[in-house]
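With mmCIF, C-alpha atoms inside, this is model07.cif:
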data_final
#
loop_
_atom_site.label_atom_id
_atom_site.label_comp_id
_atom_site.auth_asym_id
_atom_site.auth_seq_id
_atom_site.Cartn_x
_atom_site.Cartn_y
_atom_site.Cartn_z
CA MET K 139 21.67 16.41 48.88
CA THR K 140 21.40 12.67 48.22
CA THR K 141 17.62 12.96 47.92
CA ARG K 142 17.93 15.84 45.47
CA ILE K 143 20.26 13.81 43.27
CA ARG K 144 17.82 10.89 43.36
CA TRP K 145 14.99 13.19 42.28
CA TRP K 146 16.92 14.53 39.35
CA ALA K 147 17.97 11.03 38.37
CA ALA K 148 14.34 9.89 38.49
CA LEU K 149 13.26 12.83 36.36
CA ALA K 150 16.00 12.15 33.83
CA ALA K 151 14.95 8.51 33.64
CA LEU K 152 11.34 9.56 33.12
CA VAL K 153 12.28 11.82 30.24
CA LEU K 154 14.32 9.02 28.68
CA VAL K 155 11.42 6.58 28.98
CA ALA K 156 9.01 9.07 27.43
CA SER K 157 11.41 9.74 24.55
CA ALA K 158 11.92 6.02 23.93
CA ALA K 159 8.17 5.39 23.97
CA PHE K 160 7.69 8.13 21.41
CA ALA K 161 10.43 6.76 19.16
CA LEU K 162 9.16 3.18 19.38
CA THR K 163 5.60 4.08 18.46
CA ARG K 164 6.73 6.06 15.42
CA PRO K 165 6.10 3.85 12.38
CA GLY K 166 8.38 3.12 9.45
CA THR K 167 11.77 4.09 10.78
CA HIS K 168 14.29 1.63 9.43
CA SER K 169 17.79 2.98 9.00
CA SER K 170 17.93 5.41 6.10
CA ALA K 171 19.88 4.72 2.96
CA SER K 172 22.19 7.49 1.83
CA ALA K 173 20.67 9.65 -0.84
CA ALA K 174 22.29 9.59 -4.23
CA SER K 175 23.51 12.98 -5.34
CA ALA K 176 23.16 12.42 -9.09
CA ASP K 177 20.32 14.02 -11.02
CA ALA K 178 18.07 11.60 -12.86
CA GLN K 179 18.09 11.83 -16.64
CA LEU K 180 14.32 12.01 -16.70
CA SER K 181 13.11 14.87 -18.88
CA VAL K 182 9.46 13.84 -18.57
CA VAL K 183 9.37 15.52 -15.15
CA GLY K 184 11.28 18.59 -16.37
CA GLY K 185 9.88 22.07 -16.82
CA SER K 186 9.35 21.69 -20.57
CA SER K 187 7.45 18.42 -20.29
CA THR K 188 3.99 18.30 -21.82
CA ALA K 189 3.01 15.08 -20.05
CA PRO K 190 0.03 15.61 -17.75
CA LYS K 191 0.64 16.03 -14.04
CA VAL K 192 -0.69 13.56 -11.49
CA THR K 193 -3.67 15.29 -9.92
CA ASP K 194 -5.53 12.44 -8.17
CA SER K 195 -5.02 13.22 -4.49
CA THR K 196 -5.64 9.61 -3.44
CA VAL K 197 -2.95 8.37 -5.79
CA GLN K 198 -0.63 11.15 -4.63
CA SER K 199 -1.21 10.16 -1.02
CA GLU K 200 -0.64 6.44 -1.60
CA VAL K 201 2.49 7.04 -3.65
CA ALA K 202 3.92 9.39 -1.02
CA SER K 203 3.13 6.89 1.73
CA ALA K 204 4.61 3.96 -0.21
CA VAL K 205 7.83 5.85 -0.99
CA ASP K 206 8.22 6.98 2.62
CA ASN K 207 7.54 3.48 3.93
CA GLY K 208 10.08 1.71 1.72
CA THR K 209 12.14 -1.10 3.25
CA ARG K 210 15.05 1.31 3.61
CA GLY K 211 12.82 4.16 4.67
CA GLY K 212 13.16 7.88 4.68
CA ALA K 213 12.54 8.98 1.07
CA THR K 214 10.09 11.73 0.23
CA ALA K 215 8.19 11.69 -3.04
CA ASP K 216 7.83 14.95 -4.96
CA VAL K 217 4.27 14.19 -6.01
CA ALA K 218 3.74 17.76 -7.22
CA SER K 219 6.29 17.10 -9.98
CA ALA K 220 4.94 13.65 -10.86
CA ARG K 221 3.80 13.12 -14.45
CA VAL K 222 1.70 10.57 -16.30
CA ALA K 223 4.39 9.50 -18.75
CA LEU K 224 2.35 6.87 -20.58
CA GLU K 225 -1.20 5.54 -20.72
CA THR K 226 -1.74 2.30 -22.60
CA SER K 227 -4.78 1.17 -24.58
CA THR K 228 -5.57 -1.24 -21.73
CA GLY K 229 -5.78 1.58 -19.20
CA ILE K 230 -2.40 1.15 -17.52
CA LYS K 231 -0.78 4.43 -16.50
CA VAL K 232 2.96 4.82 -16.00
CA LEU K 233 3.79 7.64 -13.60
CA ALA K 234 7.22 9.22 -13.28
CA VAL K 235 7.71 10.29 -9.66
CA PRO K 236 10.91 11.99 -8.44
CA ALA K 237 11.86 11.46 -4.81
CA THR K 238 14.79 12.44 -2.62
CA GLY K 239 17.77 10.99 -4.47
CA GLN K 240 15.54 8.48 -6.20
CA THR K 241 13.42 7.95 -9.28
CA CYS K 242 10.20 6.00 -8.89
CA ALA K 243 8.25 4.28 -11.64
CA VAL K 244 4.65 3.97 -10.50
CA VAL K 245 2.13 1.86 -12.40
CA GLU K 246 -1.57 2.48 -11.99
CA LEU K 247 -3.55 -0.61 -12.93
CA PRO K 248 -7.12 -0.54 -14.23
CA GLY K 249 -9.79 -2.34 -12.23
CA SER K 250 -11.93 -2.06 -9.16
CA LEU K 251 -9.12 -2.61 -6.64
CA GLY K 252 -7.46 0.72 -7.40
CA GLN K 253 -4.11 -1.03 -7.42
CA GLY K 254 -0.75 0.44 -8.14
CA ALA K 255 2.77 -0.97 -8.26
CA MET K 256 6.02 0.88 -7.75
CA HIS K 257 9.76 0.53 -8.08
CA CYS K 258 12.17 3.18 -6.85
CA VAL K 259 15.90 3.24 -7.60
CA SER K 260 18.67 5.71 -6.87
CA ASN K 261 19.12 8.39 -9.52
CA ALA K 262 22.56 7.01 -10.36
CA GLU K 263 21.11 3.53 -10.87
CA PHE K 264 18.27 4.94 -12.93
CA ASN K 265 20.70 6.63 -15.31
CA THR K 266 22.31 3.30 -16.16
CA SER K 267 19.53 0.72 -15.82
CA GLY K 268 16.19 2.52 -15.53
CA ALA K 269 13.35 1.77 -13.10
CA TRP K 270 11.00 -0.94 -14.28
CA GLN K 271 9.08 -3.88 -12.97
CA MET K 272 7.02 -6.90 -13.90
CA VAL K 273 3.37 -6.55 -12.96
CA GLY K 274 0.85 -9.39 -13.03
CA ALA K 275 1.23 -13.09 -13.69
CA PRO K 276 0.60 -15.26 -16.74
CA PRO K 277 -1.59 -15.03 -18.72
CA SER K 278 -1.35 -11.26 -18.17
CA VAL K 279 2.13 -9.82 -17.61
CA ASP K 280 3.33 -6.26 -18.17
CA VAL K 281 7.01 -5.38 -18.17
CA VAL K 282 6.67 -1.67 -17.57
CA GLY K 283 8.61 1.32 -16.30
CA LEU K 284 10.93 4.20 -17.03
CA VAL K 285 14.27 4.47 -18.81
CA PRO K 286 16.71 7.39 -18.94
CA ASP K 287 16.76 10.09 -21.60
CA GLY K 288 18.12 8.92 -24.92
CA VAL K 289 16.69 5.39 -24.77
CA THR K 290 14.42 4.94 -27.77
CA SER K 291 13.35 1.32 -27.44
CA VAL K 292 13.26 -1.56 -24.96
CA LYS K 293 13.44 -5.27 -25.76
CA VAL K 294 12.02 -7.98 -23.51
CA THR K 295 12.66 -11.70 -23.97
CA PHE K 296 10.20 -14.19 -22.54
CA VAL K 297 10.62 -17.66 -21.06
CA ASP K 298 9.34 -19.27 -24.24
CA GLY K 299 12.19 -17.71 -26.19
CA THR K 300 10.14 -15.09 -27.98
CA SER K 301 10.89 -11.40 -27.66
CA ARG K 302 9.13 -8.12 -28.12
CA THR K 303 10.36 -4.55 -28.57
CA ALA K 304 8.53 -1.39 -27.47
CA THR K 305 9.07 2.22 -28.44
CA VAL K 306 9.82 4.55 -25.52
CA THR K 307 7.48 7.51 -25.03
CA ASN K 308 8.16 10.19 -22.42
CA ASN K 309 10.82 7.96 -20.84
CA ALA K 310 8.19 5.22 -20.41
CA PHE K 311 7.44 1.85 -21.96
CA ASP K 312 5.07 -1.07 -21.49
CA ILE K 313 5.35 -4.54 -23.01
CA GLN K 314 2.47 -6.93 -22.48
CA SER K 315 2.65 -10.69 -22.70
CA LYS K 316 0.76 -13.87 -21.88
CA VAL K 317 3.90 -15.64 -20.65
CA ALA K 318 6.46 -14.78 -17.99
CA SER K 319 9.33 -12.50 -18.89
CA ALA K 320 12.96 -13.51 -18.58
CA SER K 321 15.24 -10.64 -19.54
CA ILE K 322 15.31 -7.02 -20.66
CA SER K 323 17.74 -4.94 -22.69
CA PHE K 324 18.09 -1.40 -24.00
CA THR K 325 20.76 1.09 -24.94
CA THR K 326 21.36 4.23 -22.91
CA PRO K 327 23.62 7.13 -23.94
CA ALA K 328 26.16 5.69 -21.50
CA GLY K 329 26.06 2.18 -22.93
CA SER K 330 24.01 -0.96 -23.23
CA TYR K 331 22.03 -2.46 -20.39
CA SER K 332 20.92 -6.08 -20.17
CA GLY K 333 19.55 -7.86 -17.16
CA PRO K 334 17.09 -10.37 -15.77
CA ALA K 335 13.41 -9.51 -15.77
CA GLN K 336 11.86 -12.49 -14.07
CA SER K 337 8.15 -12.10 -13.56
CA ALA K 338 6.03 -14.29 -11.32
CA GLY K 339 5.42 -17.55 -13.10
CA MET C 272 17.28 9.10 57.16
CA THR C 273 16.26 12.19 55.24
CA VAL C 274 12.93 13.75 56.11
CA LEU C 275 11.32 15.82 53.37
CA SER C 276 9.39 18.88 54.37
CA LYS C 277 5.97 19.68 52.87
CA ARG C 278 7.53 22.65 51.14
CA GLY C 279 10.06 20.37 49.42
CA TRP C 280 7.50 17.80 48.28
CA ALA C 281 5.00 20.06 46.61
CA PRO C 282 7.07 21.47 43.72
CA ARG C 283 8.69 18.13 43.13
CA ALA C 284 5.36 16.33 42.99
CA ALA C 285 4.00 18.99 40.65
CA LEU C 286 7.01 18.64 38.38
CA LEU C 287 6.65 14.87 38.39
CA CYS C 288 2.97 15.13 37.48
CA LEU C 289 3.83 17.52 34.67
CA MET C 290 6.44 15.13 33.27
CA LEU C 291 4.02 12.20 33.46
CA ALA C 292 1.36 14.22 31.68
CA LEU C 293 3.80 15.19 28.92
CA ALA C 294 4.89 11.58 28.50
CA GLY C 295 1.28 10.45 28.30
CA LEU C 296 0.44 13.15 25.80
CA SER C 297 3.36 12.27 23.52
CA VAL C 298 2.50 8.55 23.47
CA GLY C 299 -1.21 9.19 23.20
CA ALA C 300 -0.83 11.63 20.35
CA THR C 301 1.25 9.15 18.39
CA THR C 302 -1.23 6.34 19.00
CA ALA C 303 -4.18 8.49 18.02
CA SER C 304 -2.57 9.44 14.69
CA ALA C 305 -1.58 5.86 13.88
CA ALA C 306 -4.83 4.87 12.17
CA HIS C 307 -2.80 4.35 8.99
CA VAL C 308 -0.05 2.04 10.16
CA ASN C 309 3.30 1.47 8.48
CA GLY C 310 4.71 -1.80 9.72
CA PHE C 311 7.37 -4.35 9.02
CA TYR C 312 7.06 -8.04 8.33
CA CYS C 313 9.42 -10.83 7.40
CA PRO C 314 10.91 -10.34 9.89
CA THR C 315 10.68 -7.32 12.19
CA ASN C 316 14.28 -6.58 11.33
CA PRO C 317 16.16 -7.52 8.14
CA GLY C 318 17.79 -10.91 8.22
CA ALA C 319 15.42 -13.64 7.11
CA THR C 320 16.95 -16.39 5.02
CA MET C 321 14.77 -17.75 2.29
CA SER C 322 14.92 -19.96 -0.75
CA LEU C 323 14.20 -20.33 -3.65
CA ASN C 324 12.74 -19.83 -7.09
CA GLY C 325 9.46 -18.45 -5.86
CA GLY C 326 8.91 -21.37 -3.50
CA ALA C 327 10.03 -19.56 -0.40
CA ARG C 328 7.86 -16.78 0.85
CA CYS C 329 7.00 -15.02 4.05
CA THR C 330 3.83 -13.30 5.06
CA SER C 331 2.60 -10.48 7.23
CA PRO C 332 -0.07 -10.85 9.89
CA PHE C 333 -3.64 -10.91 8.55
CA HIS C 334 -5.32 -7.58 8.02
CA THR C 335 -8.59 -6.61 6.38
CA THR C 336 -7.57 -3.09 5.38
CA PHE C 337 -4.31 -3.34 3.47
CA THR C 338 -3.32 -0.28 1.50
CA GLY C 339 0.08 -1.50 0.41
CA GLY C 340 3.22 -3.50 0.92
CA GLY C 341 6.80 -3.84 -0.22
CA PHE C 342 9.49 -6.49 -0.20
CA GLU C 343 13.25 -6.44 -0.77
CA ASP C 344 16.50 -8.15 0.06
CA VAL C 345 18.30 -5.21 1.59
CA LEU C 346 21.67 -6.99 1.55
CA THR C 347 21.81 -8.61 -1.90
CA PRO C 348 20.25 -7.41 -5.17
CA VAL C 349 18.04 -10.38 -6.01
CA GLY C 350 14.70 -10.74 -7.74
CA VAL C 351 11.65 -10.52 -5.49
CA CYS C 352 7.89 -10.28 -5.77
CA VAL C 353 5.27 -8.87 -3.45
CA VAL C 354 1.59 -9.80 -3.62
CA LEU C 355 -1.47 -9.99 -1.40
CA LYS C 356 -2.49 -13.61 -0.73
CA PRO C 357 -5.48 -15.26 0.97
CA ASN C 358 -3.54 -17.83 3.00
CA SER C 359 -1.12 -17.43 5.89
CA ASP C 360 1.56 -19.53 4.16
CA GLY C 361 1.51 -17.27 1.10
CA SER C 362 -0.37 -19.76 -1.05
CA GLY C 363 -3.60 -19.30 -2.95
CA GLY C 364 -4.71 -17.08 -5.77
CA ASN C 365 -3.38 -13.58 -6.11
CA ILE C 366 -5.49 -10.76 -4.73
CA GLY C 367 -4.76 -8.11 -7.27
CA SER C 368 -1.55 -8.27 -9.29
CA PRO C 369 1.91 -9.27 -8.04
CA ASP C 370 4.75 -6.83 -8.55
CA CYS C 371 8.21 -8.23 -9.27
CA VAL C 372 11.61 -6.58 -9.64
CA SER C 373 15.00 -8.00 -10.53
CA SER C 374 16.63 -6.10 -7.65
CA GLY C 375 15.62 -3.54 -5.08
CA GLU C 376 12.14 -3.21 -3.67
CA ALA C 377 8.89 -4.40 -5.23
CA ASN C 378 5.91 -2.44 -4.03
CA ILE C 379 2.15 -2.56 -4.42
CA PHE C 380 -0.52 -0.23 -3.09
CA PHE C 381 -4.28 0.08 -3.17
CA THR C 382 -6.24 3.31 -3.27
CA ASP C 383 -9.27 1.40 -1.95
CA PRO C 384 -8.38 0.70 1.71
CA GLY C 385 -10.14 -2.49 2.58
CA LEU C 386 -8.36 -5.43 1.04
CA ALA C 387 -8.00 -8.46 3.28
CA GLY C 388 -5.24 -11.02 3.22
CA TYR C 389 -1.60 -11.60 3.97
CA MET C 390 1.06 -9.37 2.43
CA THR C 391 3.49 -11.86 0.93
CA GLY C 392 7.11 -11.48 -0.11
CA ILE C 393 8.67 -14.00 -2.46
CA ASN C 394 12.31 -14.78 -3.18
CA GLU C 395 12.52 -15.16 -6.95
CA SER C 396 16.19 -16.09 -7.08
CA SER C 397 17.44 -19.66 -7.33
CA ASN C 398 19.56 -19.41 -4.19
CA PHE C 399 19.21 -19.00 -0.47
CA HIS C 400 19.70 -15.41 0.59
CA THR C 401 19.75 -13.46 3.81
CA GLY C 402 18.45 -9.96 4.34
CA PHE C 403 14.86 -10.07 3.20
CA SER C 404 12.63 -7.40 4.64
CA GLY C 405 9.00 -6.49 4.08
CA VAL C 406 6.93 -3.44 4.84
CA ASP C 407 3.17 -3.17 4.91
CA GLN C 408 0.55 -0.49 5.31
CA TYR C 409 -2.96 -0.87 6.64
CA TYR C 410 -5.67 0.91 8.58
CA THR C 411 -6.31 0.02 12.19
CA ASN C 412 -9.94 1.13 12.06
#

Step by step, read the file and then write its structure as structure tokens.
Amino acid sequence: MTTRIRWWAALAALVLVASAAFALTRPGTHSSASAASADAQLSVVGGSSTAPKVTDSTVQSEVASAVDNGTRGGATADVASARVALETSTGIKVLAVPATGQTCAVVELPGSLGQGAMHCVSNAEFNTSGAWQMVGAPPSVDVVGLVPDGVTSVKVTFVDGTSRTATVTNNAFDIQSKVASASISFTTPAGSYSGPAQSAG
Amino acid sequence: MTVLSKRGWAPRAALLCLMLALAGLSVGATTASAAHVNGFYCPTNPGATMSLNGGARCTSPFHTTFTGGGFEDVLTPVGVCVVLKPNSDGSGGNIGSPDCVSSGEANIFFTDPGLAGYMTGINESSNFHTGFSGVDQYYTN
């Protein structure tokens, strides 16, 4: 009887070791953040949107991978619903990408590197402060991203004290500058938003 | 002392072999599908303390096939940047464009898998903070 118990204990230990090995070799599994339940006020990805869909499978794959591998982990991008919200004269594309409980602003940059940048926020955060980022470094900085429905313009102030205002198209905006940005402001249906927008100097 | 009969050993040995094979298969399958690796840097778990104003930065191990990386303070909403750099201390010219956010996670990715360097996270706030965490993505072959 003692031997039988030892055998079953050994087998149980083996199963535990195998399970642990499987879990440890699985990449990108930080603890998950709780998903926000709010819907994003982002009509550019809605059914009536005329903005073109994102069809580049390589971009879709990289965006999905980047969203899933976020520092908090666990989000899934709905790349099938992603839209090209804005394309600038310099070739920058602003993609609106919904994810589980999140809204992601993805920026495709022109050039041979095939580089993109991304910022994801909870839907609740998006509805009050948008999802935007500062891409590049002086002398080529873009303050770029998405803002909630109802925002018509975005103002960015730079470190030299100057400011620039952009009109919002399809929830998206892009403000280019030769100097680093310092702050950003806009008005949502829920109120005004103002915050730091410090780009790499 | 317990003496095991041949009849008792055989099924047990077979079961043990089966379990070992299953364990090997599960680990092997995961390893084989891990050509595109999602990893963590700075540090393995959240908790690095860094300062300040873009001067403090931490870097991933060197890879030649980066496809992306992210950086965030998961405890405090502070400004951060992430960028690919040529030097292990996070210095040198930018490879591609840095991405900066005032809070949350900055993230860059490349559709051309083959960029070499060190994925670098930068604390853009003017204070020491704890909780920085970076993720990176690269191909192993």

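Residues of chain C having any atom within 6 Å of chain K, counting all atoms listed in the file, are C:Ala294, C:Val298, C:Asn309, C:Ser368, C:Pro369, C:Asp370, C:Cys371, C:Val372, C:Ser373, C:Ala377, C:Asn378, C:Ile379, C:Phe380, C:Phe381, C:Thr382, C:Asp383, C:Val406.
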
If you keep C-alpha atoms, can you produce a file of those selected residues as a PDB file, in the coordinates of the input?
ATOM      1  CA  ALA C 294       4.890  11.580  28.500  1.00  0.00           C
ATOM      2  CA  VAL C 298       2.500   8.550  23.470  1.00  0.00           C
ATOM      3  CA  ASN C 309       3.300   1.470   8.480  1.00  0.00           C
ATOM      4  CA  SER C 368      -1.550  -8.270  -9.290  1.00  0.00           C
ATOM      5  CA  PRO C 369       1.910  -9.270  -8.040  1.00  0.00           C
ATOM      6  CA  ASP C 370       4.750  -6.830  -8.550  1.00  0.00           C
ATOM      7  CA  CYS C 371       8.210  -8.230  -9.270  1.00  0.00           C
ATOM      8  CA  VAL C 372      11.610  -6.580  -9.640  1.00  0.00           C
ATOM      9  CA  SER C 373      15.000  -8.000 -10.530  1.00  0.00           C
ATOM     10  CA  ALA C 377       8.890  -4.400  -5.230  1.00  0.00           C
ATOM     11  CA  ASN C 378       5.910  -2.440  -4.030  1.00  0.00           C
ATOM     12  CA  ILE C 379       2.150  -2.560  -4.420  1.00  0.00           C
ATOM     13  CA  PHE C 380      -0.520  -0.230  -3.090  1.00  0.00           C
ATOM     14  CA  PHE C 381      -4.280   0.080  -3.170  1.00  0.00           C
ATOM     15  CA  THR C 382      -6.240   3.310  -3.270  1.00  0.00           C
ATOM     16  CA  ASP C 383      -9.270   1.400  -1.950  1.00  0.00           C
ATOM     17  CA  VAL C 406       6.930  -3.440   4.840  1.00  0.00           C
TER      18      VAL C 406
END

Check your understanding: Could you pull the residues within 8 Å of His334 (chain C), counting all atoms listed in the file, minus those fewer than 5 positions along the same chain, as an MDAnalysis selection string?
Key -> chainID C and resid 386:389 409

Exercise for review: Between CA of Leu180 (chain K) and CA of Phe324 (chain K), measure the distance and give it in Å to one decimal.
Suggested key: 15.7 Å

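Between CA of Asp287 (chain K) and CA of Thr326 (chain K) the separation is 7.6 Å.
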
Exercise for review: Report as a ChimeraX atom specification the residues that result from applying the PyMOL selection byres ((chain C and resi 356) around 9) to the structure here.
Suggested key: /C:330,354-355,357-367,387-391

Exercise for review: Find the residues near Asp312 (chain K): any atom within 12 Å, counting all atoms listed in the file, skip ones fewer than 6 places away on the same chain, and give them as a ChimeraX atom specification.
Suggested key: /K:223-233,243,245,270-273,279-285,291-294,302-306,322

Centre and edge lengths, as JSON, for the axis-aligned box enclosing every listed atom of region 343-354 of chain C with 3 Å of padding on each of the six sides, in Å to one decimal?
{"center_x": 11.7, "center_y": -8.0, "center_z": -3.1, "size_x": 26.2, "size_y": 11.5, "size_z": 15.3}

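A straight line drawn from CA of Ser187 (chain K) to CA of Phe311 (chain K) is 16.7 Å long.
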
For the structure just given, write the atoms of region 247-315 of chain K, namely C-alpha atoms, as a PDB file, in the first residue's frame.
ATOM      1  CA  LEU K 247       5.109  55.901 -39.937  1.00  0.00           C
ATOM      2  CA  PRO K 248       6.446  56.279 -43.474  1.00  0.00           C
ATOM      3  CA  GLY K 249       9.916  54.964 -44.236  1.00  0.00           C
ATOM      4  CA  SER K 250      11.848  51.808 -44.882  1.00  0.00           C
ATOM      5  CA  LEU K 251      11.696  50.490 -41.299  1.00  0.00           C
ATOM      6  CA  GLY K 252       7.976  49.804 -41.450  1.00  0.00           C
ATOM      7  CA  GLN K 253       7.617  51.332 -38.010  1.00  0.00           C
ATOM      8  CA  GLY K 254       4.490  51.868 -36.042  1.00  0.00           C
ATOM      9  CA  ALA K 255       3.748  53.347 -32.620  1.00  0.00           C
ATOM     10  CA  MET K 256       0.805  52.630 -30.378  1.00  0.00           C
ATOM     11  CA  HIS K 257      -0.951  53.803 -27.257  1.00  0.00           C
ATOM     12  CA  CYS K 258      -3.852  51.911 -25.717  1.00  0.00           C
ATOM     13  CA  VAL K 259      -6.076  53.238 -22.928  1.00  0.00           C
ATOM     14  CA  SER K 260      -9.190  51.936 -21.220  1.00  0.00           C
ATOM     15  CA  ASN K 261     -12.435  52.934 -22.908  1.00  0.00           C
ATOM     16  CA  ALA K 262     -13.400  54.994 -19.866  1.00  0.00           C
ATOM     17  CA  GLU K 263     -10.097  56.870 -20.006  1.00  0.00           C
ATOM     18  CA  PHE K 264     -10.460  57.366 -23.739  1.00  0.00           C
ATOM     19  CA  ASN K 265     -13.847  59.017 -23.298  1.00  0.00           C
ATOM     20  CA  THR K 266     -12.349  61.699 -21.071  1.00  0.00           C
ATOM     21  CA  SER K 267      -8.776  62.147 -22.302  1.00  0.00           C
ATOM     22  CA  GLY K 268      -8.384  60.365 -25.641  1.00  0.00           C
ATOM     23  CA  ALA K 269      -5.499  58.131 -26.752  1.00  0.00           C
ATOM     24  CA  TRP K 270      -2.566  60.015 -28.198  1.00  0.00           C
ATOM     25  CA  GLN K 271       1.186  59.998 -28.182  1.00  0.00           C
ATOM     26  CA  MET K 272       4.296  61.882 -29.179  1.00  0.00           C
ATOM     27  CA  VAL K 273       6.220  60.213 -31.977  1.00  0.00           C
ATOM     28  CA  GLY K 274       9.719  61.192 -33.065  1.00  0.00           C
ATOM     29  CA  ALA K 275      12.213  63.659 -31.647  1.00  0.00           C
ATOM     30  CA  PRO K 276      13.193  67.194 -32.625  1.00  0.00           C
ATOM     31  CA  PRO K 277      13.459  68.334 -35.336  1.00  0.00           C
ATOM     32  CA  SER K 278      10.555  66.046 -36.308  1.00  0.00           C
ATOM     33  CA  VAL K 279       7.832  65.525 -33.699  1.00  0.00           C
ATOM     34  CA  ASP K 280       4.225  64.471 -34.232  1.00  0.00           C
ATOM     35  CA  VAL K 281       1.637  64.747 -31.484  1.00  0.00           C
ATOM     36  CA  VAL K 282      -0.900  62.332 -32.887  1.00  0.00           C
ATOM     37  CA  GLY K 283      -3.806  60.147 -31.851  1.00  0.00           C
ATOM     38  CA  LEU K 284      -7.519  59.788 -31.267  1.00  0.00           C
ATOM     39  CA  VAL K 285     -10.048  61.804 -29.297  1.00  0.00           C
ATOM     40  CA  PRO K 286     -13.648  60.947 -28.384  1.00  0.00           C
ATOM     41  CA  ASP K 287     -16.710  61.860 -30.419  1.00  0.00           C
ATOM     42  CA  GLY K 288     -17.622  65.519 -30.201  1.00  0.00           C
ATOM     43  CA  VAL K 289     -14.067  66.867 -30.039  1.00  0.00           C
ATOM     44  CA  THR K 290     -13.578  69.186 -32.987  1.00  0.00           C
ATOM     45  CA  SER K 291     -10.063  70.495 -32.415  1.00  0.00           C
ATOM     46  CA  VAL K 292      -6.905  69.808 -30.428  1.00  0.00           C
ATOM     47  CA  LYS K 293      -4.353  72.358 -29.228  1.00  0.00           C
ATOM     48  CA  VAL K 294      -0.721  71.523 -28.509  1.00  0.00           C
ATOM     49  CA  THR K 295       1.721  73.876 -26.784  1.00  0.00           C
ATOM     50  CA  PHE K 296       5.437  73.429 -27.346  1.00  0.00           C
ATOM     51  CA  VAL K 297       8.455  73.982 -25.113  1.00  0.00           C
ATOM     52  CA  ASP K 298       9.290  77.220 -26.881  1.00  0.00           C
ATOM     53  CA  GLY K 299       5.923  78.651 -25.863  1.00  0.00           C
ATOM     54  CA  THR K 300       4.305  78.472 -29.278  1.00  0.00           C
ATOM     55  CA  SER K 301       1.128  76.509 -29.876  1.00  0.00           C
ATOM     56  CA  ARG K 302      -0.703  74.936 -32.742  1.00  0.00           C
ATOM     57  CA  THR K 303      -4.301  73.786 -33.215  1.00  0.00           C
ATOM     58  CA  ALA K 304      -5.472  70.931 -35.459  1.00  0.00           C
ATOM     59  CA  THR K 305      -8.919  70.067 -36.729  1.00  0.00           C
ATOM     60  CA  VAL K 306     -10.139  66.590 -35.774  1.00  0.00           C
ATOM     61  CA  THR K 307     -11.096  64.258 -38.624  1.00  0.00           C
ATOM     62  CA  ASN K 308     -12.655  60.842 -37.984  1.00  0.00           C
ATOM     63  CA  ASN K 309     -11.720  61.132 -34.291  1.00  0.00           C
ATOM     64  CA  ALA K 310      -8.071  61.613 -35.314  1.00  0.00           C
ATOM     65  CA  PHE K 311      -5.563  64.451 -35.325  1.00  0.00           C
ATOM     66  CA  ASP K 312      -1.891  65.041 -36.038  1.00  0.00           C
ATOM     67  CA  ILE K 313       0.173  68.103 -35.140  1.00  0.00           C
ATOM     68  CA  GLN K 314       3.715  68.284 -36.455  1.00  0.00           C
ATOM     69  CA  SER K 315       6.500  70.370 -35.007  1.00  0.00           C
TER      70      SER K 315
END
